[in-house]
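Chemist: I have a structure I would like to understand better, so I am pasting it below and will then ask my questions one at a time.
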Amino acid sequence: MSDSDGKKTLGVRGGGPRSGQVKQSFSHGRTKNVVVETKRKRVVVPKPGGNKSGGGAAGGDPSRRPAGISDAEMERRLRALQAAKAREADDARERAEEEKRRADERERRRAEIEAKEREEREREEALKAKAEEDERKKREAEEAAKKAKEDAAAAKRAEKAAATAAEQAPAPGAADAGRAERAVPTKSGVPTPRKGKTDGDRDSAGKKRGRDDNRRSGKLTLNQALNGGGENRGRSLAAMRRKQERERRKQVGMGDSREKIVRDVQLPETIVVQELANRMAERVADVVKALMQNGIMATQNQSIDADTAELLIEEFGHKVVRVSDSDVEDVIHTVDDKEEDLQPRAPVVTIMGHVDHGKTSLLDAIRNAKVVAGEAGGITQHIGAYQVRTDGGQLITFLDTPGHAAFTSMRARGAQVTDIVVLVVAADDAVMPQTVEAIAHAKAAGVPMIVAINKIDKPEADPMKVRTALLQHEVVVEAMSGEVQDVEVSAKTGLGLDELLDAIALQSEILELKANPDRAASGAVIEAQLDVGRGPVATVLVQNGTLKQGDIFVVGEQWGKVRALINDKGERVKSAGPSEPVEVLGLNGTPEAGDVLNVVETEAQAREIADYREQAAKDKRAAAGAATTLEQLMAKAKADENVAELPILVKADVQGSAEAIVQAMEKIGNDEVRVRVLHSGVGAITESDIGLAEASGAPVFGFNVRANAPARNAANQKGVEIRYYSVIYDLVDDVKAAASGLLSNEIRENFIGYAEIRQVFKVTGIGKVAGCLVTEGVARRSAGVRLLRDNVVIHEGTLKTLKRFKDEVSEVQSGQECGMAFEAYDDVREGDVIEIFEREEVTRTLS
């Protein structure tokens, strides 16, 4: 009989469910087929437009809606469900914000607690350090008195400790046995001996666990941060690293002690604590602690003096190397050259003499160039540097200096850089004031002199008169049995020029001029100017070494890198040797004429030297301008109270001209009026100059420069006067005339007559009237009068009335009688003398 027993298998008709048979096994080998049905899940797809109320499938299908629920009730329930979900989302968002706020509050509190604890620790450390220092001092004071007693007590304690250790020492192996038999509890609660681990294993495991715990002890977990459990954290990551480094050194056998590195610490006049710690390679905290122990409370950002820093350096075991700010200039080498390195060089000749004696014309004749045409007014107002090669092949460098009195300092600089001075004296004019100054400059510089007697072609020329006049100034020429060479020349006809060049060559051979061209260049700035297209330009006379393109140099308070070199012919050159004048381009600012140029190795050195010189110059100017005491300041203010000032601004084409103008302005004035130069500079007149002039009410003087377009517009709008000059005479005269306008007019008194009082009358309504006789001159009604009694002035005033008989008159001649009454004064007596005078104002000028 089969399992189906002829019956059909039960199932659900239709294609919906999927049916199948499974063979089921039983014991004793019996099996049975079981029919298994799998029902498909019914998916309800709402019909389009079926839910018109928008309530969902349940609301749109009445067959799936719970019994007794209307459409309105279903929609109300759905809206309540949506509102509940929205409230739940809002609550979740509020909980998140509250949690974040609590976390921020915990973080803030933790930071405050950490800061408070850190301050407390620092205060405790300071107090502890101070207490330790006091205890140490007290202990050192008592140590000398108690030394013998402490030694005896220490020996006694050592003997007692040795006896105690001998009594308590256990037998060998007892400790190991005790540790081996130590019982450990098991799960059943029965103690059993510990097995499988020796002492060494346990110690190493214990060490390992201890190291791991130490590594994790200083770290902050997420739970601790959220629960605020990290407030007591006191070790930083750097401290953990230092501890790990110490443990690593112990493991490899290096120990914690390292050899002290003794350093040479450079110590300036003042130094910041942190910088001192860096130079010693010590921790800043240790340096601050050492300062506290010495009674100095200073932070790492404060400065300390050199003496205190020296004590700290010695305390830390380092060596002190004292340096000063001026040591930055030590990079400029000033070593003497070896004799074998020196090579002959061209002589530097300076042409000096009085204005309009023919210096530049003489140089023109030598150079075959027309330089005078380029100078305004026919006078030289700049120092020109030129090189000339003679017919014999001799190379000579000429410096042409101005002869006007305002350029005294420029001539002084020319004499300092020169080897030979050619003193030009006109044969028809003899020795003049600037000639005497040139002689003084040459003698001060200690250079030989050659006298060139110029203009001998003129009929009135008298060379012997010039030689005789030079004797008064201790210049004895060869024609007068002296040692100074003299040559008669004519710049106009060229007479005697060859003899002058021969004299220069002879003098240079006697001097044996030499220089080392294979070293760092050094030279002097002859002139400096600010060129619109090229920037700051300096005319430099190289005195030693070779100046090359690309060299880094420092000159005065400026520094730069040689961008280009231009010789006296306007040609670009790659280098310039000794005694060669060149224009140097590449400066960061305009230097002063007379500054020394030195080549250095790096830009950092040049910048450092320039900054030091600039700061030193500022300090010097501040010290010179500041009053030492309050009394001096008050006295200066009182002295300047009655002094009228004429403020001016000066812009010139070159530095030497600006300096000469400023010096000329300083000489203008007296005790009542003076000229104050607000600003002097090199270059065109700019808009900033106009702004300064407007604020100060000063005119702007341009010497061989012009104002740019913005400056001209600003001057027209603000009413600032700009004056242009090309000759220094005119500028000085105009400023002197303007300063004279500030002088108050002088009051002069002219005595015009005397009258003697013969009788005094008392007139009603007028007062006392003096009957007088005019003894000298004339008496005028409008004049001033003085009353003299015994030749002593007792009153000065004016007349109220002047009458002759009963008529009021304007004046009374000598020998006539008249009546006089004083204005607001009636103490007149017989025998008094009346002095009659008139006042007039006289315009004053500055000499």
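Order determines the names: the first chain of the structure tokens is A, the second B, and so forth; residues in each chain are numbered 1 upward, and ligands are numbered 1 upward as they are shown.
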Could you list, as a PyMOL selection string, every residue within 8 Å of A:Val320, counting only C-alpha atoms and ignoring same-chain residues fewer than 6 positions away?
Modeler: chain A and resi 264-267+310+313-314
Chemist: How would you write, as a ChimeraX atom specification, the set of residues in stretch 348-521 of chain A that DSSP gives as alpha helix (DSSP H)?
Modeler: /A:359-367,408-416,433-445,463-471,497-511
Chemist: Would you mind reading off the distance between atom CA of A:Ser481 and atom CA of A:Val431, one decimal, in Å?
Modeler: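 Computed distance, atom CA of A:Ser481 to atom CA of A:Val431, equals 19.4 Å.
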Chemist: Could you name the residues that touch A:Gln543 at 6 Å or less, counting only C-alpha atoms, but leaving out those on the same chain fewer than 3 positions away, as a list of chain:residue names?
Modeler: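 Answer for this query is A:Ser522, A:Gly523, A:Pro578, A:Ser579.
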Chemist: What are the nearest atom pairs, with distances in Å to one decimal, for all residues of stretch 467-561 of chain A that come at most 10 Å from stretch 360-370 of chain A, using only C-alpha atoms, set out by chain and rising residue number as a Markdown table?
Modeler:
| residue | atom | partner | partner_atom | distance |
| --- | --- | --- | --- | --- |
| A:Val489 | CA | A:Leu362 | CA | 8.4 |
| A:Ser490 | CA | A:Leu362 | CA | 7.5 |
| A:Ala491 | CA | A:Leu362 | CA | 4.6 |
| A:Lys492 | CA | A:Ala365 | CA | 7.6 |
| A:Thr493 | CA | A:Ala365 | CA | 8.7 |
| A:Gly494 | CA | A:Ala365 | CA | 6.5 |
| A:Leu495 | CA | A:Ala365 | CA | 9.9 |
| A:Leu497 | CA | A:Ile366 | CA | 7.1 |
| A:Asp498 | CA | A:Ile366 | CA | 9.0 |
| A:Leu500 | CA | A:Ile366 | CA | 9.8 |
| A:Leu501 | CA | A:Ile366 | CA | 8.9 |
Chemist: Could you tell me how far atom CA of A:Tyr825 sits from atom CA of A:Gly797, in Å to one decimal place?
Modeler: 8.7 Å
Chemist: At what distance in Å, to one decimal, does atom CA of A:His357 lie from atom CA of A:Asp429?
Modeler: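 The value is 8.0 Å.
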